[in-house]
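Raw my_file-v7.pdb, PDB, C-alpha atoms and all ligand atoms:
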```pdb
ATOM      1  CA  MET A   5     109.478 -89.586-143.830
ATOM      2  CA  SER A   6     113.149 -90.328-143.926
ATOM      3  CA  ASP A   7     114.865 -91.705-146.984
ATOM      4  CA  GLU A   8     115.530 -94.937-145.279
ATOM      5  CA  GLN A   9     111.915 -95.637-144.623
ATOM      6  CA  ASN A  10     111.109 -94.981-148.216
ATOM      7  CA  HIS A  11     113.303 -97.795-149.320
ATOM      8  CA  ASN A  12     111.923-100.277-146.902
ATOM      9  CA  VAL A  13     109.285-102.553-148.259
ATOM     10  CA  SER A  14     106.392-102.818-145.876
ATOM     11  CA  ARG A  15     104.973-106.181-144.981
ATOM     12  CA  ARG A  16     101.873-105.555-146.972
ATOM     13  CA  GLN A  17     103.803-104.426-150.005
ATOM     14  CA  PHE A  18     105.977-107.462-149.689
ATOM     15  CA  LEU A  19     103.010-109.775-149.667
ATOM     16  CA  THR A  20     101.474-108.004-152.614
ATOM     17  CA  TYR A  21     104.651-108.371-154.611
ATOM     18  CA  THR A  22     105.137-111.983-153.798
ATOM     19  CA  LEU A  23     101.554-112.930-154.380
ATOM     20  CA  THR A  24     101.404-111.202-157.735
ATOM     21  CA  GLY A  25     104.698-112.792-158.520
ATOM     22  CA  VAL A  26     103.522-116.260-157.702
ATOM     23  CA  GLY A  27     100.166-115.684-159.339
ATOM     24  CA  GLY A  28     101.755-114.371-162.469
ATOM     25  CA  PHE A  29     104.065-117.301-162.563
ATOM     26  CA  MET A  30     101.242-119.774-162.225
ATOM     27  CA  ALA A  31      99.223-118.107-164.919
ATOM     28  CA  ALA A  32     102.200-118.261-167.214
ATOM     29  CA  GLY A  33     102.492-121.935-166.433
ATOM     30  CA  ILE A  34      98.953-122.535-167.525
ATOM     31  CA  ILE A  35      98.933-120.335-170.559
ATOM     32  CA  LEU A  36     102.296-121.338-171.987
ATOM     33  CA  PRO A  37     101.554-124.972-172.685
ATOM     34  CA  MET A  38      98.365-123.969-174.470
ATOM     35  CA  ALA A  39     100.133-121.325-176.500
ATOM     36  CA  ARG A  40     102.764-123.867-177.402
ATOM     37  CA  PHE A  41     100.174-126.300-178.469
ATOM     38  CA  ALA A  42      98.585-123.696-180.670
ATOM     39  CA  ILE A  43     101.783-122.317-182.158
ATOM     40  CA  ASP A  44     103.902-125.419-182.434
ATOM     41  CA  PRO A  45     103.029-126.628-185.939
ATOM     42  CA  VAL A  46     103.892-123.219-187.325
ATOM     43  CA  LEU A  47     107.173-123.058-185.464
ATOM     44  CA  GLN A  48     108.079-126.501-186.636
ATOM     45  CA  ALA A  49     107.465-125.678-190.259
ATOM     46  CA  GLU A  50     109.710-122.693-189.840
ATOM     47  CA  THR A  51     112.594-124.634-188.363
ATOM     48  CA  GLU A  52     112.400-127.196-191.094
ATOM     49  CA  GLY A  53     112.572-124.642-193.809
ATOM     50  CA  ASP A  54     115.278-122.840-191.895
ATOM     51  CA  MET A  55     117.846-121.663-194.416
ATOM     52  CA  LYS A  56     121.221-120.372-193.298
ATOM     53  CA  ALA A  57     123.123-117.737-195.212
ATOM     54  CA  VAL A  58     126.505-119.131-196.232
ATOM     55  CA  THR A  59     128.214-116.952-198.806
ATOM     56  CA  ASP A  60     127.846-114.604-201.771
ATOM     57  CA  VAL A  61     127.094-116.169-205.122
ATOM     58  CA  SER A  62     130.054-114.270-206.550
ATOM     59  CA  GLU A  63     132.413-116.269-204.315
ATOM     60  CA  LEU A  64     131.530-119.540-205.999
ATOM     61  CA  THR A  65     133.637-121.209-208.663
ATOM     62  CA  GLU A  66     133.571-124.481-210.559
ATOM     63  CA  ASN A  67     135.807-125.884-207.849
ATOM     64  CA  PRO A  68     134.294-127.092-204.591
ATOM     65  CA  GLN A  69     135.264-124.703-201.791
ATOM     66  CA  ARG A  70     134.574-125.144-198.119
ATOM     67  CA  PHE A  71     132.184-122.870-196.299
ATOM     68  CA  ASP A  72     131.412-123.047-192.589
ATOM     69  CA  PHE A  73     128.113-121.968-191.130
ATOM     70  CA  SER A  74     126.729-122.133-187.593
ATOM     71  CA  TYR A  75     123.356-122.309-186.002
ATOM     72  CA  GLU A  76     121.861-123.028-182.601
ATOM     73  CA  GLN A  77     120.669-126.472-181.775
ATOM     74  CA  VAL A  78     118.523-127.340-178.800
ATOM     75  CA  ASP A  79     119.120-130.827-177.520
ATOM     76  CA  ALA A  80     117.013-131.598-174.458
ATOM     77  CA  TRP A  81     118.094-128.879-172.017
ATOM     78  CA  VAL A  82     121.319-127.875-173.679
ATOM     79  CA  THR A  83     121.466-125.248-176.391
ATOM     80  CA  SER A  84     124.663-125.450-178.320
ATOM     81  CA  GLU A  85     126.100-123.790-181.353
ATOM     82  CA  VAL A  86     126.737-126.251-184.116
ATOM     83  CA  THR A  87     129.093-125.567-186.984
ATOM     84  CA  GLU A  88     128.674-127.428-190.234
ATOM     85  CA  THR A  89     130.759-127.375-193.350
ATOM     86  CA  ALA A  90     129.536-127.560-196.915
ATOM     87  CA  PHE A  91     131.525-127.872-200.126
ATOM     88  CA  ILE A  92     129.896-125.589-202.645
ATOM     89  CA  TYR A  93     130.530-125.093-206.361
ATOM     90  CA  ARG A  94     128.875-124.080-209.575
ATOM     91  CA  SER A  95     127.957-126.594-212.173
ATOM     92  CA  GLY A  96     126.612-124.666-215.166
ATOM     93  CA  GLU A  97     123.522-122.885-213.928
ATOM     94  CA  GLU A  98     123.270-125.066-210.882
ATOM     95  CA  ILE A  99     124.764-124.569-207.451
ATOM     96  CA  VAL A 100     125.809-127.778-205.719
ATOM     97  CA  ALA A 101     126.379-127.890-201.953
ATOM     98  CA  LEU A 102     127.621-131.166-200.491
ATOM     99  CA  SER A 103     127.941-132.198-196.867
ATOM    100  CA  ASN A 104     131.482-132.937-195.682
ATOM    101  CA  THR A 105     130.355-135.859-193.541
ATOM    102  CA  CYS A 106     131.564-139.202-194.859
ATOM    103  CA  THR A 107     128.612-141.528-195.371
ATOM    104  CA  HIS A 108     130.685-144.452-194.130
ATOM    105  CA  LEU A 109     131.150-143.667-190.421
ATOM    106  CA  GLY A 110     130.979-139.911-190.268
ATOM    107  CA  CYS A 111     134.520-138.534-190.491
ATOM    108  CA  LYS A 112     134.993-135.235-192.318
ATOM    109  CA  VAL A 113     136.005-135.413-195.946
ATOM    110  CA  SER A 114     137.779-132.725-197.908
ATOM    111  CA  TRP A 115     138.221-131.889-201.558
ATOM    112  CA  GLY A 116     141.441-132.846-203.264
ATOM    113  CA  SER A 117     143.307-133.691-200.074
ATOM    114  CA  SER A 118     144.671-136.940-201.455
ATOM    115  CA  SER A 119     147.519-136.218-203.848
ATOM    116  CA  ASP A 120     146.736-139.384-205.797
ATOM    117  CA  HIS A 121     143.178-138.251-206.414
ATOM    118  CA  PRO A 122     143.165-134.465-206.680
ATOM    119  CA  ASN A 123     139.687-134.298-208.203
ATOM    120  CA  GLN A 124     137.839-136.264-205.592
ATOM    121  CA  PHE A 125     136.605-135.903-202.058
ATOM    122  CA  TYR A 126     138.774-137.876-199.689
ATOM    123  CA  CYS A 127     138.112-139.256-196.214
ATOM    124  CA  PRO A 128     141.241-139.630-194.066
ATOM    125  CA  CYS A 129     139.743-142.297-191.805
ATOM    126  CA  HIS A 130     139.474-145.332-194.098
ATOM    127  CA  GLY A 131     140.295-143.834-197.468
ATOM    128  CA  GLY A 132     136.728-143.313-198.635
ATOM    129  CA  ARG A 133     136.489-141.363-201.916
ATOM    130  CA  TYR A 134     133.775-139.560-203.828
ATOM    131  CA  GLU A 135     133.433-137.932-207.245
ATOM    132  CA  LYS A 136     132.911-134.197-207.516
ATOM    133  CA  ASP A 137     129.133-134.673-207.590
ATOM    134  CA  GLY A 138     129.349-136.719-204.391
ATOM    135  CA  THR A 139     129.025-140.180-205.921
ATOM    136  CA  ASN A 140     130.892-142.707-203.798
ATOM    137  CA  ILE A 141     133.673-144.554-205.552
ATOM    138  CA  GLU A 142     133.331-148.261-205.688
ATOM    139  CA  GLY A 143     135.927-150.248-203.783
ATOM    140  CA  THR A 144     136.158-147.630-201.022
ATOM    141  CA  PRO A 145     134.182-148.058-197.785
ATOM    142  CA  PRO A 146     131.283-145.603-198.309
ATOM    143  CA  THR A 147     128.182-147.166-199.797
ATOM    144  CA  GLU A 148     126.225-144.041-200.520
ATOM    145  CA  PRO A 149     126.936-140.581-202.021
ATOM    146  CA  LEU A 150     127.666-137.526-199.894
ATOM    147  CA  HIS A 151     124.521-135.847-198.734
ATOM    148  CA  ARG A 152     123.432-132.765-200.606
ATOM    149  CA  TYR A 153     122.115-129.547-199.115
ATOM    150  CA  VAL A 154     118.983-127.845-200.309
ATOM    151  CA  VAL A 155     120.207-124.568-201.823
ATOM    152  CA  GLU A 156     118.436-121.277-202.356
ATOM    153  CA  VAL A 157     119.738-117.998-203.731
ATOM    154  CA  ARG A 158     118.168-114.771-202.579
ATOM    155  CA  GLU A 159     119.522-111.403-203.643
ATOM    156  CA  GLY A 160     122.973-112.706-204.381
ATOM    157  CA  THR A 161     123.318-114.674-201.161
ATOM    158  CA  VAL A 162     123.541-118.443-201.039
ATOM    159  CA  TYR A 163     121.428-120.149-198.371
ATOM    160  CA  VAL A 164     121.557-123.802-197.444
ATOM    161  CA  GLY A 165     118.915-125.859-195.712
ATOM    162  CA  LYS A 166     118.968-129.493-194.709
ATOM    163  CA  ALA A 167     121.444-131.997-196.093
ATOM    164  CA  GLU A 168     119.564-134.801-197.786
ATOM    165  CA  PRO A 169     120.649-138.203-199.068
ATOM    166  CA  GLN A 170     121.188-138.313-202.814
ATOM    167  CA  VAL A 171     119.718-141.772-203.187
TER
ATOM    168  CA  MET B   1     132.708-141.913-181.482
ATOM    169  CA  ARG B   2     131.731-140.585-178.130
ATOM    170  CA  TRP B   3     131.376-142.429-174.866
ATOM    171  CA  SER B   4     127.607-142.285-175.017
ATOM    172  CA  THR B   5     124.723-144.695-175.278
ATOM    173  CA  GLU B   6     124.060-143.207-178.683
ATOM    174  CA  ASP B   7     127.499-143.901-180.147
ATOM    175  CA  ILE B   8     128.726-146.986-178.338
ATOM    176  CA  PRO B   9     126.433-149.395-180.218
ATOM    177  CA  SER B  10     127.981-148.276-183.516
ATOM    178  CA  PHE B  11     131.420-148.643-181.991
ATOM    179  CA  VAL B  12     130.619-152.210-181.060
ATOM    180  CA  LYS B  13     129.235-152.890-184.508
ATOM    181  CA  GLU B  14     132.016-151.222-186.472
ATOM    182  CA  ARG B  15     134.966-152.175-184.324
ATOM    183  CA  GLN B  16     137.154-153.194-187.226
ATOM    184  CA  TYR B  17     137.104-149.584-188.385
ATOM    185  CA  VAL B  18     137.607-147.899-185.023
ATOM    186  CA  ASP B  19     141.227-148.622-184.195
ATOM    187  CA  THR B  20     142.151-145.464-182.294
ATOM    188  CA  ALA B  21     141.388-144.338-178.761
ATOM    189  CA  LEU B  22     141.666-140.732-177.710
ATOM    190  CA  LEU B  23     142.247-140.262-174.000
ATOM    191  CA  PRO B  24     142.253-136.799-172.419
ATOM    192  CA  LEU B  25     144.663-136.514-169.458
ATOM    193  CA  LEU B  26     143.372-133.983-166.942
ATOM    194  CA  PRO B  27     145.326-132.968-163.843
ATOM    195  CA  VAL B  28     143.191-132.029-160.848
ATOM    196  CA  GLU B  29     144.194-129.546-158.170
ATOM    197  CA  PHE B  30     142.122-128.137-155.344
ATOM    198  CA  GLY B  31     144.604-125.629-153.943
ATOM    199  CA  ASP B  32     146.495-122.859-155.680
ATOM    200  CA  GLY B  33     146.416-124.636-158.976
ATOM    201  CA  ILE B  34     142.658-124.957-159.146
ATOM    202  CA  ARG B  35     142.197-122.274-161.794
ATOM    203  CA  GLN B  36     144.831-123.795-163.982
ATOM    204  CA  SER B  37     143.275-127.203-163.516
ATOM    205  CA  ALA B  38     139.876-125.894-164.616
ATOM    206  CA  ALA B  39     141.354-124.065-167.590
ATOM    207  CA  MET B  40     143.178-127.208-168.754
ATOM    208  CA  THR B  41     140.034-129.281-168.380
ATOM    209  CA  GLU B  42     138.066-126.831-170.474
ATOM    210  CA  PHE B  43     140.702-126.513-173.150
ATOM    211  CA  ILE B  44     141.465-130.204-173.541
ATOM    212  CA  THR B  45     137.765-131.105-173.457
ATOM    213  CA  ILE B  46     137.080-128.748-176.350
ATOM    214  CA  MET B  47     140.044-130.064-178.319
ATOM    215  CA  THR B  48     139.169-133.720-177.881
ATOM    216  CA  ALA B  49     135.510-133.085-178.693
ATOM    217  CA  GLU B  50     136.502-131.381-181.913
ATOM    218  CA  LEU B  51     138.943-134.135-182.858
ATOM    219  CA  GLU B  52     136.182-136.628-182.286
ATOM    220  CA  ARG B  53     133.914-134.633-184.566
ATOM    221  CA  GLN B  54     136.483-134.651-187.359
ATOM    222  CA  PHE B  55     137.478-138.309-187.065
ATOM    223  CA  ARG B  56     134.506-139.931-185.399
ATOM    224  CA  GLY B  57     134.521-142.934-187.712
ATOM    225  CA  ARG B  58     137.939-144.075-186.565
ATOM    226  CA  ILE B  59     138.382-142.598-183.089
ATOM    227  CA  LEU B  60     136.799-143.589-179.817
ATOM    228  CA  LEU B  61     136.833-140.723-177.335
ATOM    229  CA  ALA B  62     137.340-142.406-173.968
ATOM    230  CA  PRO B  63     136.239-140.849-170.678
ATOM    231  CA  SER B  64     138.938-138.547-169.352
ATOM    232  CA  TYR B  65     141.752-139.849-167.213
ATOM    233  CA  THR B  66     141.872-137.571-164.186
ATOM    234  CA  TYR B  67     144.563-137.620-161.530
ATOM    235  CA  LEU B  68     145.900-135.418-158.780
ATOM    236  CA  ALA B  69     148.426-133.070-160.281
ATOM    237  CA  ALA B  70     152.020-133.903-159.452
ATOM    238  CA  ASP B  71     153.505-131.195-157.291
ATOM    239  CA  GLY B  72     156.871-129.592-157.843
ATOM    240  CA  ALA B  73     159.637-132.018-158.583
ATOM    241  CA  ASN B  74     157.388-135.058-158.709
ATOM    242  CA  THR B  75     156.217-136.618-161.924
ATOM    243  CA  PRO B  76     152.807-138.263-162.367
ATOM    244  CA  GLN B  77     152.435-141.966-161.693
ATOM    245  CA  THR B  78     152.506-144.004-164.867
ATOM    246  CA  GLU B  79     151.431-147.336-163.481
ATOM    247  CA  GLU B  80     147.683-146.795-163.489
ATOM    248  CA  LEU B  81     147.694-145.017-166.824
ATOM    249  CA  ASN B  82     149.683-147.822-168.400
ATOM    250  CA  ARG B  83     147.043-150.224-167.168
ATOM    251  CA  TRP B  84     144.418-148.231-169.060
ATOM    252  CA  ILE B  85     146.560-148.255-172.169
ATOM    253  CA  GLU B  86     147.169-151.974-171.946
ATOM    254  CA  THR B  87     143.457-152.648-171.512
ATOM    255  CA  MET B  88     142.553-150.582-174.552
ATOM    256  CA  LYS B  89     145.211-152.249-176.662
ATOM    257  CA  LYS B  90     143.875-155.646-175.699
ATOM    258  CA  GLU B  91     140.561-154.520-177.125
ATOM    259  CA  LYS B  92     142.134-153.889-180.538
ATOM    260  CA  LEU B  93     142.494-150.154-180.137
ATOM    261  CA  LYS B  94     145.966-150.164-181.527
ATOM    262  CA  HIS B  95     146.556-146.423-181.617
ATOM    263  CA  ILE B  96     146.251-144.703-178.287
ATOM    264  CA  ILE B  97     146.464-140.940-178.369
ATOM    265  CA  LEU B  98     146.860-139.150-175.050
ATOM    266  CA  LEU B  99     146.026-135.468-175.211
ATOM    267  CA  THR B 100     147.039-133.200-172.358
ATOM    268  CA  ALA B 101     148.031-129.672-171.423
ATOM    269  CA  ASP B 102     149.974-130.956-168.395
ATOM    270  CA  SER B 103     153.665-130.696-169.268
ATOM    271  CA  SER B 104     154.783-133.028-166.491
ATOM    272  CA  TRP B 105     154.005-136.024-168.720
ATOM    273  CA  LYS B 106     156.595-134.858-171.212
ATOM    274  CA  LYS B 107     159.407-135.882-168.925
ATOM    275  CA  ILE B 108     158.212-139.450-168.645
ATOM    276  CA  GLU B 109     156.785-139.854-172.122
ATOM    277  CA  TYR B 110     159.081-142.809-172.787
ATOM    278  CA  GLU B 111     157.461-144.739-169.930
ATOM    279  CA  LEU B 112     154.096-144.654-171.651
ATOM    280  CA  ASP B 113     153.135-147.180-174.257
ATOM    281  CA  ALA B 114     151.084-144.651-176.206
ATOM    282  CA  PHE B 115     151.345-141.538-178.325
ATOM    283  CA  LEU B 116     151.472-138.465-176.117
ATOM    284  CA  VAL B 117     150.382-135.151-177.559
ATOM    285  CA  TRP B 118     151.069-132.192-175.327
ATOM    286  CA  MET B 119     149.473-128.863-176.174
ATOM    287  CA  PRO B 120     150.403-125.693-174.338
ATOM    288  CA  LEU B 121     147.353-124.343-172.564
ATOM    289  CA  VAL B 122     145.589-121.576-174.445
ATOM    290  CA  PRO B 123     143.593-119.526-171.942
ATOM    291  CA  LEU B 124     140.152-119.175-173.476
ATOM    292  CA  GLU B 125     138.307-117.582-170.577
ATOM    293  CA  ASN B 126     138.518-113.954-171.614
ATOM    294  CA  LEU B 127     138.067-114.329-175.335
ATOM    295  CA  ASP B 128     134.862-113.330-177.066
ATOM    296  CA  ALA B 129     133.013-116.086-178.842
ATOM    297  CA  ALA B 130     134.170-115.348-182.382
ATOM    298  CA  TYR B 131     137.824-115.055-181.446
ATOM    299  CA  LYS B 132     137.638-118.151-179.297
ATOM    300  CA  LYS B 133     136.340-120.100-182.256
ATOM    301  CA  GLN B 134     139.172-118.869-184.406
ATOM    302  CA  VAL B 135     141.795-119.807-181.820
ATOM    303  CA  ILE B 136     140.323-123.272-181.425
ATOM    304  CA  SER B 137     140.156-123.918-185.126
ATOM    305  CA  GLU B 138     143.784-122.828-185.505
ATOM    306  CA  GLN B 139     144.795-125.321-182.838
ATOM    307  CA  ILE B 140     142.744-128.061-184.418
ATOM    308  CA  LYS B 141     144.304-127.439-187.800
ATOM    309  CA  GLN B 142     147.664-128.238-186.260
ATOM    310  CA  LEU B 143     146.372-131.284-184.500
ATOM    311  CA  LEU B 144     144.675-133.008-187.453
ATOM    312  CA  PRO B 145     147.872-133.770-189.413
ATOM    313  CA  VAL B 146     149.512-135.098-186.242
ATOM    314  CA  VAL B 147     146.808-137.732-185.968
ATOM    315  CA  MET B 148     146.773-138.470-189.691
ATOM    316  CA  ASP B 149     150.547-138.924-189.734
ATOM    317  CA  LYS B 150     150.229-141.409-186.930
ATOM    318  CA  TRP B 151     147.837-143.436-189.089
ATOM    319  CA  LYS B 152     150.110-143.162-192.113
ATOM    320  CA  GLU B 153     153.093-144.455-190.153
ATOM    321  CA  GLU B 154     151.234-147.667-189.662
ATOM    322  CA  GLY B 155     150.521-147.956-193.377
ATOM    323  CA  LYS B 156     154.260-147.940-194.055
ATOM    324  CA  SER B 157     155.421-150.391-191.444
TER
HETATM  325  S1  LIG C   1     134.480-142.794-192.241
HETATM  326 FE1  LIG C   1     135.041-142.124-194.197
HETATM  327  S2  LIG C   1     135.845-143.925-195.077
HETATM  328 FE2  LIG C   1     135.223-144.592-193.140
END
```
Any chance you could give the structure as structure tokens?
Amino acid sequence: MSDEQNHNVSRRQFLTYTLTGVGGFMAAGIILPMARFAIDPVLQAETEGDMKAVTDVSELTENPQRFDFSYEQVDAWVTSEVTETAFIYRSGEEIVALSNTCTHLGCKVSWGSSSDHPNQFYCPCHGGRYEKDGTNIEGTPPTEPLHRYVVEVREGTVYVGKAEPQV
Amino acid sequence: MRWSTEDIPSFVKERQYVDTALLPLLPVEFGDGIRQSAAMTEFITIMTAELERQFRGRILLAPSYTYLAADGANTPQTEELNRWIETMKKEKLKHIILLTADSSWKKIEYELDAFLVWMPLVPLENLDAAYKKQVISEQIKQLLPVVMDKWKEEGKS
């Protein structure tokens, strides 16, 4: 047999390949939905409790500092990387992590960026302000405190989970 | 706020707070300039999306204004674009920010009744993901104060 012949796929081989291929594909189609059905609740619980590593505990001070963290988000058929920012600081024994999303209409706030109010969070869009603990300041547009992340510390690393309303 | 069925209802509801429109200007070329045209589209789309994310409570990100790139000595036509601007202003979007990587607008900036921000194109295509992110965030950091200053100007006048 010549080399060339060796590389040629015979008709029978071709059919075998394709048929297995199609068969395999169909089987996968049938099995997958069932597997999903069986596994889903577990998976869901895992995503909900999904904590993302953000920084070392030793990096934290009494002053809110910004930390970015990213994760993948699946939205219909598009998977995209989302970056979120949290302001994290120590308050005695506690670690506080606040979302930087203004509760008014969703612009990004930052700590101490208004020279008139150095010890507050400030929103550049409509002048919304918040205390260090996230409490919205009366007379500014936001009507609810900044959301607060669930925080966990494992072996010196700070993890954050979901940001939850403080009211 | 984005031009989406999810965001537009809040735009309609909160109009008194959303006084700024962000309009990406994207030149289109099908010949030699096609690569450049694609690169500009990508770059400006990322920039405007990020600006929207930072300032979504006050900015409406309009659908991009696309036009055939002006060749050589020609400058782009301002008539149609000015009609867009006028229409947005009528709808109480008093700050119109045009963001583009196409330098040909620079020459006729004075003919536009809006605030033109030109950014030199940063080619992102060969950067790895982490570096790309860094480059983008550097660019955004320069862009944020430009927008905020625009808002402050109004406070003074
Ligand atoms: S979005 Fe922050 S004050 Fe309006």
Item to complete: Starting from chain B, keep only residues with some atom at most 9 Å from an atom of chain A, counting only C-alpha atoms, and report them as a VMD selection string.
Response: chain B and resid 10 14 17 52 to 59 148 151
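With only C-alpha atoms as the basis for measurement, A:Gly138 is the residue among A:Val58, A:Trp81, A:Gly138, A:Glu76 that approaches Tyr126 of chain A most closely.
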Fill in: Residues within 6 Å of Phe91 of chain A, only C-alpha atoms, excluding chain neighbours under 6 positions, as number ranges by chain
A: 68-70, 101-102
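Remark: for ligand LIG 1 (chain C), the closest of the candidate residues A:Ser62, A:Thr161, A:Ser84, A:Asn140 is A:Asn140 (distances computed over only C-alpha atoms and all ligand atoms).
Taking atom CA of Ile46 of chain B as the reference point, atom CA of Ile140 of chain B is found at 9.9 Å.
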Build an axis-aligned box that encloses every atom of ligand LIG 1 (chain C) listed in the file, pad it by 4 Å on each side, and report its centre and edge lengths in Å to one decimal, as JSON.
```
{"center_x": 135.2, "center_y": -143.4, "center_z": -193.7, "size_x": 9.4, "size_y": 10.5, "size_z": 10.8}
```
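Considering the residues B:Glu154, B:Asp149, B:Glu125, B:Asp71 and counting only C-alpha atoms, Asp32 of chain B has its shortest atom-to-atom contact with B:Asp71.
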Discussion item. I want to know what sits within 8 Å of segment 99-112 of chain B, based on all atoms listed in the file, with residues of the same chain fewer than 2 positions away left out; could you give that as number ranges by chain?
Written reply: B: 22-27, 40, 44, 48, 70, 75-76, 78, 82, 97, 114-121
Fill in: Polymer residues at most 12 Å from Lys166 of chain A, all atoms listed in the file, same-chain spacing of 3 or more positions, as a PyMOL selection string
chain A and resi 51-56+88+90+101-103+151-156+163+169
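Take atom CA of Ser117 of chain A and atom CA of Thr59 of chain A: the distance between them is 22.6 Å.
Closest to ligand LIG 1 (chain C) among B:Gln16, B:Ser64, B:Ser37, B:Thr5 is B:Gln16, based on only C-alpha atoms and all ligand atoms.
Here atom CA of Lys92 of chain B stands at a distance of 8.7 Å from atom CA of Val18 of chain B.
Checking B:Trp84, B:Ser137, B:Asn126, B:His95 one by one against Lys152 of chain B, counting all atoms listed in the file, you find the shortest gap at B:His95.
Of the residues listed (B:Asp19, B:Val28, B:Ile8, B:Leu93), B:Asp19 shows the shortest atom-to-atom separation from ligand LIG 1 (chain C); distances use all atoms listed in the file.
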Fill in: Non-local contacts of Asn123 of chain A (12 Å; all atoms listed in the file; under 2 positions in same chain excluded) as a list of chain:residue names
A:Glu66, A:Asn67, A:Pro68, A:Ser114, A:Trp115, A:Gly116, A:Ser117, A:Ser118, A:Ser119, A:Asp120, A:His121, A:Phe125, A:Tyr126, A:Arg133, A:Tyr134, A:Glu135, A:Lys136, A:Asp137, A:Gly138
